[in-house]
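Reading through the structure tokens given below for one structure.
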Amino acid sequence: MSDTHGGAFLDPAQAPGAIFTPEDFDAEQQALFDTARRFCDEQVWPRLADIEAKVPGVLEGLMQQASDLGLTMLDLPEEYGGLDLPLPVSMRVLESTGREQSFMLTLMVQNGIGSLPVALFGSDEQKAQWLPGFASGELRGCYCLTEPGSGSDALAARTTAVLDGEQWVLNGTKQFITNAGIADVGFVFAKVQGEVDGASGFTCFIVPLDAPGVSLGAEEHKLGMHGSSTRQVILQDARIARGNVLGQIGRGHVIAFNILNNGRYKLGGTALGSAKCALDAALDYAAARRQFGQRIVDFGMIRRKIGQAAADIYAAESAIYRAGGAIDALANAGGRTADAKLAALQDFALECSIAKIAGSELLWRVADEALQMFGGYGFLEEYPAAKYLRDARIARIYEGTN
């Protein structure tokens, strides 16, 4: 491939070469995408009202059904029950669930920041303990980095960890934690107080959410993503085992920033999928709606909106899958080990951020224009355009604000 390293697209002297495109997916992979799309259309979308109302057990039940289809094991190693799919393939699976964004977000977290910290940074013992449960859906994870006083400035976190014999004692509050209400495990970032084994500082911990001293805040009332669980994770003298340090003490920033690289890439791709669904809904409406004796889809201004949205989707899709193919190729060149995957994400951090911004800004534009094509009906909650617009807004904020 021509994209041998991150940022290579900026080099004007770069030699031409093959790049990955969605047309490279084979028939078996397409069947997996179709499975994910059908599941969303036939099982998730009909439960929309229950999902948005947070009817107890509905989201959890859908996640277990997704697990039964293999949709929660996309990136995890095969030896622990995962599929270890190429990055563009796992991305396309998640993109295929973009019609209902709350469920899509829940599934994305399970396949990313809610499980990959162990896959990429865990010891052999930690991988054996946690990864099979994540793959099967018996365990669900959440990523506890943001705090009430620190968001993108992750190292300003004030949560503390003190070693007391064979247990860590954690104190602090984590804010805006996606999937907290349905999760079993949190990846919690805290500052180790005092030296432990010659090290201290910002560190990641594996925290069972039923551990003593761990509690959850109330569900947040949000502009959009009503069906997604977002709560505080509160640590009050929370006690966990000494062996639950993930990675090295004082090196939590390495985990935080590199897991976010993966999360940003996937957010870009899932936003792309939701943009396609918003446009499809608007196209269906515009083809059926008649004014002045003709379909509104035949009016020049509507056609301009459709053409611009289609062009923008094509550009974003091309960039996102080109980057995913390059990341995966670099990981394969390193033997596809956890270290090789991590190194590839580090190398392509720029492209991951570009994917996040490109996808989230695209979704906002398309969702806004889709609502405009619905006209006054777009402003009514009984039509899908209002929901696409509400749900789209967070994509420009989370996983690192644009």
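Residues are named by chain letter and number: chains run A, B, ... in the order of the structure tokens, numbers start at 1 in each chain, and ligands are numbered from 1 in the order shown.
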Task: In segment 275-320 of chain A, DSSP strand (DSSP E) residues written as JSON, numbers by chain - done: {"A": [290, 291, 294, 295]}
Q: Please identify which residues in segment 52-233 of chain A DSSP calls alpha helix (DSSP H) from the backbone, and express them as a PyMOL selection string.
A: chain A and resi 52+58-68+87-95+101-110+116-121+124-136
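For segment 18-24 of chain A, the list of residues within 9 Å, based on only C-alpha atoms and with local chain neighbours fewer than 2 positions off taken out, reads Met1, Ser2, Asp3, Pro16, Asp26, Pro88, Arg92, Glu317, Ser318, Ala319, Tyr321, Arg322, Ala323, Gly324, Gly325 and Ala326 of chain A.
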Pull N, CA and C atoms from the residues just selected and write them as a tab-separated table (two decimals), in the first residue's frame.
chain	number	residue	atom	x	y	z
A	1	MET	N	0.83	-1.19	0.00
A	1	MET	CA	0.00	0.00	0.00
A	1	MET	C	0.87	1.25	0.00
A	2	SER	N	0.31	2.32	-0.52
A	2	SER	CA	1.06	3.57	-0.52
A	2	SER	C	1.08	4.20	0.85
A	3	ASP	N	0.05	3.96	1.67
A	3	ASP	CA	-0.02	4.55	3.01
A	3	ASP	C	0.73	3.66	4.00
A	16	PRO	N	2.40	6.50	-6.08
A	16	PRO	CA	1.05	5.93	-6.15
A	16	PRO	C	1.08	4.45	-5.79
A	26	ASP	N	-15.13	-8.90	0.50
A	26	ASP	CA	-15.54	-10.09	-0.24
A	26	ASP	C	-16.96	-10.51	0.15
A	88	PRO	N	-11.09	-2.64	8.80
A	88	PRO	CA	-12.17	-2.15	7.94
A	88	PRO	C	-13.43	-3.02	8.02
A	92	ARG	N	-17.09	-1.78	9.24
A	92	ARG	CA	-18.27	-1.86	8.38
A	92	ARG	C	-19.43	-2.54	9.11
A	317	GLU	N	-16.49	8.32	3.21
A	317	GLU	CA	-16.32	6.87	3.17
A	317	GLU	C	-14.96	6.50	2.59
A	318	SER	N	-14.57	7.17	1.53
A	318	SER	CA	-13.28	6.87	0.90
A	318	SER	C	-12.13	7.12	1.87
A	319	ALA	N	-12.18	8.25	2.58
A	319	ALA	CA	-11.10	8.58	3.51
A	319	ALA	C	-11.06	7.61	4.69
A	321	TYR	N	-12.24	4.47	5.02
A	321	TYR	CA	-11.83	3.09	4.73
A	321	TYR	C	-10.42	3.02	4.17
A	322	ARG	N	-9.96	4.05	3.50
A	322	ARG	CA	-8.55	4.10	3.12
A	322	ARG	C	-7.68	4.05	4.38
A	323	ALA	N	-8.03	4.85	5.39
A	323	ALA	CA	-7.26	4.87	6.63
A	323	ALA	C	-7.33	3.53	7.34
A	324	GLY	N	-8.53	2.94	7.40
A	324	GLY	CA	-8.67	1.65	8.08
A	324	GLY	C	-7.85	0.57	7.42
A	325	GLY	N	-7.82	0.56	6.08
A	325	GLY	CA	-7.00	-0.41	5.38
A	325	GLY	C	-5.52	-0.23	5.66
A	326	ALA	N	-5.09	1.04	5.73
A	326	ALA	CA	-3.68	1.31	5.99
A	326	ALA	C	-3.29	0.91	7.41
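You will find atom CA of Phe292 of chain A at 29.7 Å from atom CA of Trp364 of chain A.
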Would you pick out the contacts of Ala392 of chain A at 10 Å or less, using only C-alpha atoms, so that residues sharing its chain but fewer than 6 positions from it are not included, and give the list as a PDB file with C-alpha atoms, in the first residue's frame?
ATOM      1  CA  GLN A 101     -27.809   5.430  16.984  1.00  0.00           C
ATOM      2  CA  LEU A 223     -30.571  16.100  23.979  1.00  0.00           C
ATOM      3  CA  GLY A 224     -30.222  12.904  21.957  1.00  0.00           C
ATOM      4  CA  MET A 225     -29.096   9.288  22.269  1.00  0.00           C
ATOM      5  CA  ALA A 271     -21.367   8.496  11.978  1.00  0.00           C
ATOM      6  CA  SER A 274     -25.994   7.047  10.378  1.00  0.00           C
ATOM      7  CA  ALA A 275     -25.584   9.743   7.707  1.00  0.00           C
ATOM      8  CA  SER A 360     -19.202  13.618  12.741  1.00  0.00           C
ATOM      9  CA  GLU A 361     -19.343  16.853  10.731  1.00  0.00           C
ATOM     10  CA  LEU A 362     -20.764  14.908   7.775  1.00  0.00           C
ATOM     11  CA  LEU A 363     -23.486  13.390   9.935  1.00  0.00           C
ATOM     12  CA  TRP A 364     -24.542  16.782  11.255  1.00  0.00           C
ATOM     13  CA  ARG A 365     -24.798  18.291   7.749  1.00  0.00           C
ATOM     14  CA  VAL A 366     -26.692  15.346   6.303  1.00  0.00           C
ATOM     15  CA  ALA A 367     -29.062  15.034   9.275  1.00  0.00           C
ATOM     16  CA  ASP A 368     -29.830  18.757   9.062  1.00  0.00           C
ATOM     17  CA  ALA A 386     -35.903  14.720  14.248  1.00  0.00           C
TER      18      ALA A 386
END
